[in-house]
Amino acid sequence: MMLQIRNLRASVGGKEILRGLDLDVRAGEVHAIMGPNGSGKSTLAQVLAGRETYDVTGEVLYEGRNLLVMSPEQRAVEGVFLAFQYPVEIPGVGNLYFIRTALNMMRKQRGLEELDAMDFLALAKERMKLVEMDQSFMNRTVNGGFSGGETKRNEILQMAVLEPKLAILDETDSGLDIDALRIVASGVNALRSKERALVVITHYQRLLNYIVPDRVHVMANGRIVRSGDKHLALELEKNGYADFEQDTAGGAFSLVGAMS
Amino acid sequence: MSAVQKKELQELTSRDYQYGFVTDIETDVAPRGLNEDVIRLISSKKNEPEWLLAWRLKAYRHWLTMEEPRWQNAHYGPIDYQDIIYYAAIKPKTAGPKSLSEVDPEVVAMFNKLGISLAEQERLSGIAVDAIVDSVSVGTTFKNKLAEVGVIFCSFSEAVQEHPDLVKKYLGSVVPYTDNYFATLNSAVFTDGSFCFIPRGVRCPMELSTYFRINQADTGQFERTLIIAEDDAYVSYLEGCTAPMRDKNQLHAAVVELVALERAQIKYSTVQNWYPGNKDGKGGIYNFVTKRGKCAGANSKISWTQVETGSAITWKYPSVILKGDNSVGEFYSVALTNNRQQADTGTKMIHIGKNTRSTILSKGISAGHGQNTYRGLVKILKSATGARNHTQCDSLLLGSECGAHTFPYIDVGNPTAQVEHEATTSKIGEDQLFYCRQRGLPVEDAASMIVNGFCREVFKELPMEFAVEAQKLLSVSMEGSVG
């Protein structure tokens with residue numbers, strides 16, 4: 001088992017957001033996690049990546065080891081990758097320099113030789129094709145002046161270069177037009193492999209037309225309330241999340257109309 | 001901030017100042033304290049002409065009438081001027097004229113330890129160095145090679161002996177002996193420094209640099225640098241400095257004067273890494289320096305680039321007097337304060353000539369309990385028709401106990417002038433750090449990358465060797481108070 005989550009709870013400022021979540025992910029699988037806004041999807045992504053703003057209890061085993069005691073950078077070195085929903089800008093730092101530094105840091109930690117500038121450039125150029133990025137990307141700063149679609153493609157480029165074992169894609173489809181969605185999805189599909197697991201977090205079924213999942217989970221109120229195969233996503237598309245409203249404690253939010 | 005992150009940061013903060021060693025060299029020191037006899041002693045040790053002694057004494061007598069200024073945004077106890085040693089010279093092992101091969105091997109070893117080569121055969125860096133320890137120059141490299149093209153590059157003391165007319169003509173012409181408390185003190189007691197003269201039409205074939213080292217305890221360093229670029233001349237000059245770790249504060253009150261004649265260009269870069277004191281603020285250098293350039297000729301240009309990471313207190317405003325029409329003044333600065341360091345730094349751009357232009361780009365980084373102040377004056381005189389200035393001040397805060405302050409003074413006396421001022425303050429983002437760490441970068445690497453990105457516009461103004469040095473220095477000095 002690549003990822004085994006048991007009774008995961010996370011709260012921030014005394015407010016519990018994840019309320020006892022269980023999930024199993026095997027290598028080679030693609031899991032979609034769907035759910036309304038506020039159900040805790042992004043929190044799950046952040047907690048798995050090691051964001052320190054949350055108080056976390058429960059158990060998360062990654063390749064049989066306790067993930068929760070590792071620092072964010074350790075997790076990254078061990079092969080956990082998060083494609084951010086809102087990738088942050090880092091002024092003055094070149095995009096390619098950033099990715100190369102990240103790759104070499106990981107290679108060093110794993111006892112591999114660092115790539116020199118030329119070798120890295122060759123690798124980056126090849127991977128940039130996956131997300132149809134042109135050379136002009138190389139000279140820009142990290143997410144500096146990127147459009148929404150460009151930041152998402154840049155996330156997938158980093159994933160393609162860093163080659164993680166477990167990739168968590170947090171609403172990678174949000175804010176994308178149909179062409180950008182197709183590019184991002186085909187990039188992700190190219191990275192599917194027997195050794196790699198993907199957890200795809202999305203609000204909309206649309207993305208799953210392109211990235212076909214092995215399992216679909218519905219999150220509501222900090223838990224996974226239903227799991228199924230890809231047909232579950234289609235069902236959600238038809239009925240919305242309203243069916244799960246009764247599962248939520250207190251029904252604090254309205255889901256009707258959340259789907260379009 | 002999590003416990004783990006805190007612990008990592010604490011480990012980082014305990015990182016030591018790596019230039020803090022003391023070299024045991026036999027040194028000739030003047031008696032502690034300041035009076036006319038000490039000034040006469042300094043002047044006679046240096047075999048100075050009568051006019052220079054008279055100038056020193058005039059400055060000293062004027063200094064006695066002045067009061068130490070306290071308006072700066074920095075706090076420190078009283079300085080006991082009678083408890084400072086004003087002259088400390090390494091005793092030469094051989095008598096007679098000084099040549100590089102005769103420099104004390106201990107001194108050469110000290111500079112090697114600092115990463116500065118005094119051996120001319122190591123031409124790789126292509127930089128000529130004047131090495132100054134405490135009060136005297138211990139050697140200047142590539143002097144002969146520079147002389148071939150007419151460039152004079154030597155210690156100030158030597159210039160007084162060999163080129164007294166030039167010294168007499170320009171000394172005090174940009175920073176008069178009455179200028180300010182510390183410049184006046186310097187005028188009375190200055191001991192050495194560098195002298196550069198680039199004759200008409202000459203582009204100086206290599207970078208010139210001075211490396212300042214304080215070694216002796218309880219001394220003050222009062223050096224004086226004078227750079228003159230005649231018509232159509234060009235020079236790029238670098239300055240570096242370090243000092244041993246000591247519990248007592250040491251005073252460094254230097255004066256730098258630059259003169260650019262018609263179409264001349266002077267590029268002056270500083271990487272300042274004086275001992276900053278320990279993490280509780282004990283010890284460290286008081287860096288109270290007056291630096292000023294005069295664009296005396298039309299179409300001349302003076303650029304100051306500074307990276308200030310050291311000193312307990314940094315207090316300086318490298319300035320440009322834009323006298324010649326169409327002359328250009330630039331100031332690019334990175335100032336970092338960590339632990340208990342304080343910096344009150346910026347520039348003054350005085351526009352006198354027509355169509356004069358100035359650019360100010362200041363990047364302040366505060367960490368720990370550091371206090372970082374930008375103070376700048378843009379003054380457009382009535383005569384400065386068509387003058388333009390652009391100022392940008394950015395501050396970056398690392399942690400919540402530090403401070404950033406901006407005091408821009410703008411004084412416009414000509415209605416055709418254009419003056420722009422932009423300022424930003426940001427906190428190093430939790431989001432930025434997390435993003436970098438998720439890509440495998442440890443906290444300190446992440447913070448260092450973010451800060452270096454923040455400073456990039458200034459670093460690109462530095463000569464290549466210095467830019468690399470500055471980046472490394474910044475990473476070490478930051479000691480990662482991130483949160």
# chains A, B, ... in the order shown; residues from 1 in each chain; ligands from 1

call {"tool": "interface_residues", "arguments": {"of": "chain A", "to": "chain B", "cutoff": "9 Å", "atoms": "only C-alpha atoms", "output": "number ranges by chain"}}
result
A: 49-53, 71-77, 80-82, 84, 87-94, 98-99, 101-103, 105-106, 158, 162

call {"tool": "write_last_selection", "arguments": {"atoms": "C-alpha atoms", "output": "PDB file, in the first residue's frame"}}
result
ATOM      1  CA  ALA A  49       2.123  17.730   2.097  1.00  0.00           C
ATOM      2  CA  GLY A  50       3.010  18.747   5.660  1.00  0.00           C
ATOM      3  CA  ARG A  51       1.568  22.230   6.084  1.00  0.00           C
ATOM      4  CA  GLU A  52       2.271  23.155   9.691  1.00  0.00           C
ATOM      5  CA  THR A  53      -0.717  25.393  10.299  1.00  0.00           C
ATOM      6  CA  SER A  71       8.937  17.730   7.537  1.00  0.00           C
ATOM      7  CA  PRO A  72       7.485  19.037   4.261  1.00  0.00           C
ATOM      8  CA  GLU A  73      10.906  18.865   2.586  1.00  0.00           C
ATOM      9  CA  GLN A  74      11.448  15.309   3.802  1.00  0.00           C
ATOM     10  CA  ARG A  75       8.122  14.276   2.344  1.00  0.00           C
ATOM     11  CA  ALA A  76       9.086  15.890  -0.946  1.00  0.00           C
ATOM     12  CA  VAL A  77      12.377  14.014  -0.997  1.00  0.00           C
ATOM     13  CA  VAL A  80       5.283  13.229  -2.200  1.00  0.00           C
ATOM     14  CA  PHE A  81       4.324  16.038  -4.555  1.00  0.00           C
ATOM     15  CA  LEU A  82       1.569  18.598  -4.271  1.00  0.00           C
ATOM     16  CA  PHE A  84      -0.901  23.663  -5.600  1.00  0.00           C
ATOM     17  CA  PRO A  87       0.912  28.462  -6.745  1.00  0.00           C
ATOM     18  CA  VAL A  88       2.627  31.408  -5.106  1.00  0.00           C
ATOM     19  CA  GLU A  89       4.862  33.919  -6.854  1.00  0.00           C
ATOM     20  CA  ILE A  90       8.523  34.195  -5.830  1.00  0.00           C
ATOM     21  CA  PRO A  91       9.833  37.502  -7.213  1.00  0.00           C
ATOM     22  CA  GLY A  92      13.356  37.582  -8.611  1.00  0.00           C
ATOM     23  CA  VAL A  93      13.819  33.790  -8.636  1.00  0.00           C
ATOM     24  CA  GLY A  94      14.043  32.267 -12.106  1.00  0.00           C
ATOM     25  CA  PHE A  98      13.940  27.072  -9.007  1.00  0.00           C
ATOM     26  CA  ILE A  99      12.972  23.734 -10.535  1.00  0.00           C
ATOM     27  CA  THR A 101      17.454  23.622  -7.426  1.00  0.00           C
ATOM     28  CA  ALA A 102      14.518  21.515  -6.250  1.00  0.00           C
ATOM     29  CA  LEU A 103      15.480  18.572  -8.443  1.00  0.00           C
ATOM     30  CA  MET A 105      18.221  18.993  -3.740  1.00  0.00           C
ATOM     31  CA  MET A 106      16.142  15.826  -4.063  1.00  0.00           C
ATOM     32  CA  GLN A 158       7.464  20.485 -11.979  1.00  0.00           C
ATOM     33  CA  LEU A 162      10.599  15.839 -10.155  1.00  0.00           C
TER      34      LEU A 162
END

call {"tool": "residues_around", "arguments": {"residues": "segment 462-469 of chain B", "least_positions_apart": "3", "cutoff": "9 Å", "atoms": "only C-alpha atoms", "output": "ChimeraX atom specification"}}
result
/B:125,207,236,238,269-271,305-306,458-459,472-474

call {"tool": "closest_residue", "arguments": {"among": "A:Val225, A:Arg127, A:Arg206, A:His217", "to": "Ala190 of chain A", "atoms": "only C-alpha atoms"}}
result
A:Arg127

call {"tool": "select_by_dssp", "arguments": {"residues": "segment 245-356 of chain B", "states": "strand (DSSP E or B)", "output": "number ranges by chain"}}
result
B: 249-252, 255-260, 265-272, 284-295, 301-308, 313-316, 319-322, 328-337, 342-351

call {"tool": "residues_around", "arguments": {"residues": "Gly281 of chain B", "least_positions_apart": "4", "cutoff": "10 Å", "atoms": "only C-alpha atoms", "output": "ChimeraX atom specification"}}
result
/B:247,249,276-277,312,338-342,369-370

call {"tool": "write_last_selection", "arguments": {"atoms": "N, CA and C atoms", "output": "PDB file, in the first residue's frame"}}
result
ATOM      1  N   ASP B 247      33.996  41.752  22.305  1.00  0.00           N
ATOM      2  CA  ASP B 247      32.840  42.127  23.117  1.00  0.00           C
ATOM      3  C   ASP B 247      32.594  43.624  23.128  1.00  0.00           C
ATOM      4  N   ASN B 249      32.447  47.408  21.465  1.00  0.00           N
ATOM      5  CA  ASN B 249      32.163  48.021  20.175  1.00  0.00           C
ATOM      6  C   ASN B 249      33.396  48.748  19.659  1.00  0.00           C
ATOM      7  N   PRO B 276      29.143  41.979  13.349  1.00  0.00           N
ATOM      8  CA  PRO B 276      27.869  42.589  13.740  1.00  0.00           C
ATOM      9  C   PRO B 276      27.544  42.518  15.232  1.00  0.00           C
ATOM     10  N   GLY B 277      28.428  41.928  16.035  1.00  0.00           N
ATOM     11  CA  GLY B 277      28.078  41.708  17.435  1.00  0.00           C
ATOM     12  C   GLY B 277      27.451  40.335  17.573  1.00  0.00           C
ATOM     13  N   ALA B 312      27.300  46.377  13.993  1.00  0.00           N
ATOM     14  CA  ALA B 312      26.230  46.467  14.986  1.00  0.00           C
ATOM     15  C   ALA B 312      25.282  47.587  14.563  1.00  0.00           C
ATOM     16  N   ASN B 338      20.026  41.648  11.320  1.00  0.00           N
ATOM     17  CA  ASN B 338      19.566  40.453  12.027  1.00  0.00           C
ATOM     18  C   ASN B 338      19.904  40.631  13.510  1.00  0.00           C
ATOM     19  N   ASN B 339      19.418  39.720  14.338  1.00  0.00           N
ATOM     20  CA  ASN B 339      19.696  39.781  15.778  1.00  0.00           C
ATOM     21  C   ASN B 339      19.409  41.184  16.303  1.00  0.00           C
ATOM     22  N   ARG B 340      20.441  41.879  16.849  1.00  0.00           N
ATOM     23  CA  ARG B 340      20.211  43.230  17.393  1.00  0.00           C
ATOM     24  C   ARG B 340      20.801  44.312  16.498  1.00  0.00           C
ATOM     25  N   GLN B 341      21.092  43.978  15.262  1.00  0.00           N
ATOM     26  CA  GLN B 341      21.699  44.961  14.368  1.00  0.00           C
ATOM     27  C   GLN B 341      20.734  46.095  14.042  1.00  0.00           C
ATOM     28  N   GLN B 342      21.323  47.291  13.829  1.00  0.00           N
ATOM     29  CA  GLN B 342      20.523  48.445  13.430  1.00  0.00           C
ATOM     30  C   GLN B 342      21.177  49.081  12.217  1.00  0.00           C
ATOM     31  N   HIS B 369      15.744  40.669  15.790  1.00  0.00           N
ATOM     32  CA  HIS B 369      15.296  41.934  16.373  1.00  0.00           C
ATOM     33  C   HIS B 369      15.863  43.116  15.591  1.00  0.00           C
ATOM     34  N   GLY B 370      16.288  42.861  14.367  1.00  0.00           N
ATOM     35  CA  GLY B 370      16.941  43.891  13.562  1.00  0.00           C
ATOM     36  C   GLY B 370      16.009  45.048  13.231  1.00  0.00           C
TER      37      GLY B 370
END

call {"tool": "residues_around", "arguments": {"residues": "Asp55 of chain A", "least_positions_apart": "6", "cutoff": "8 Å", "atoms": "only C-alpha atoms", "output": "list in words"}}
result
Ala10, Ser11 and Val12 of chain A

call {"tool": "write_last_selection", "arguments": {"atoms": "C-alpha atoms", "output": "mmCIF file, in the first residue's frame"}}
result
data_model
loop_
_atom_site.group_PDB
_atom_site.id
_atom_site.type_symbol
_atom_site.label_atom_id
_atom_site.label_comp_id
_atom_site.auth_asym_id
_atom_site.auth_seq_id
_atom_site.Cartn_x
_atom_site.Cartn_y
_atom_site.Cartn_z
ATOM 1 C CA ALA A 10 -7.051 18.159 11.348
ATOM 2 C CA SER A 11 -8.079 21.407 12.912
ATOM 3 C CA VAL A 12 -6.999 24.984 12.725
#

call {"tool": "atom_distance", "arguments": {"atom1": "atom CA of Thr416 of chain B", "atom2": "atom CA of Leu381 of chain B"}}
result
10.9 Å
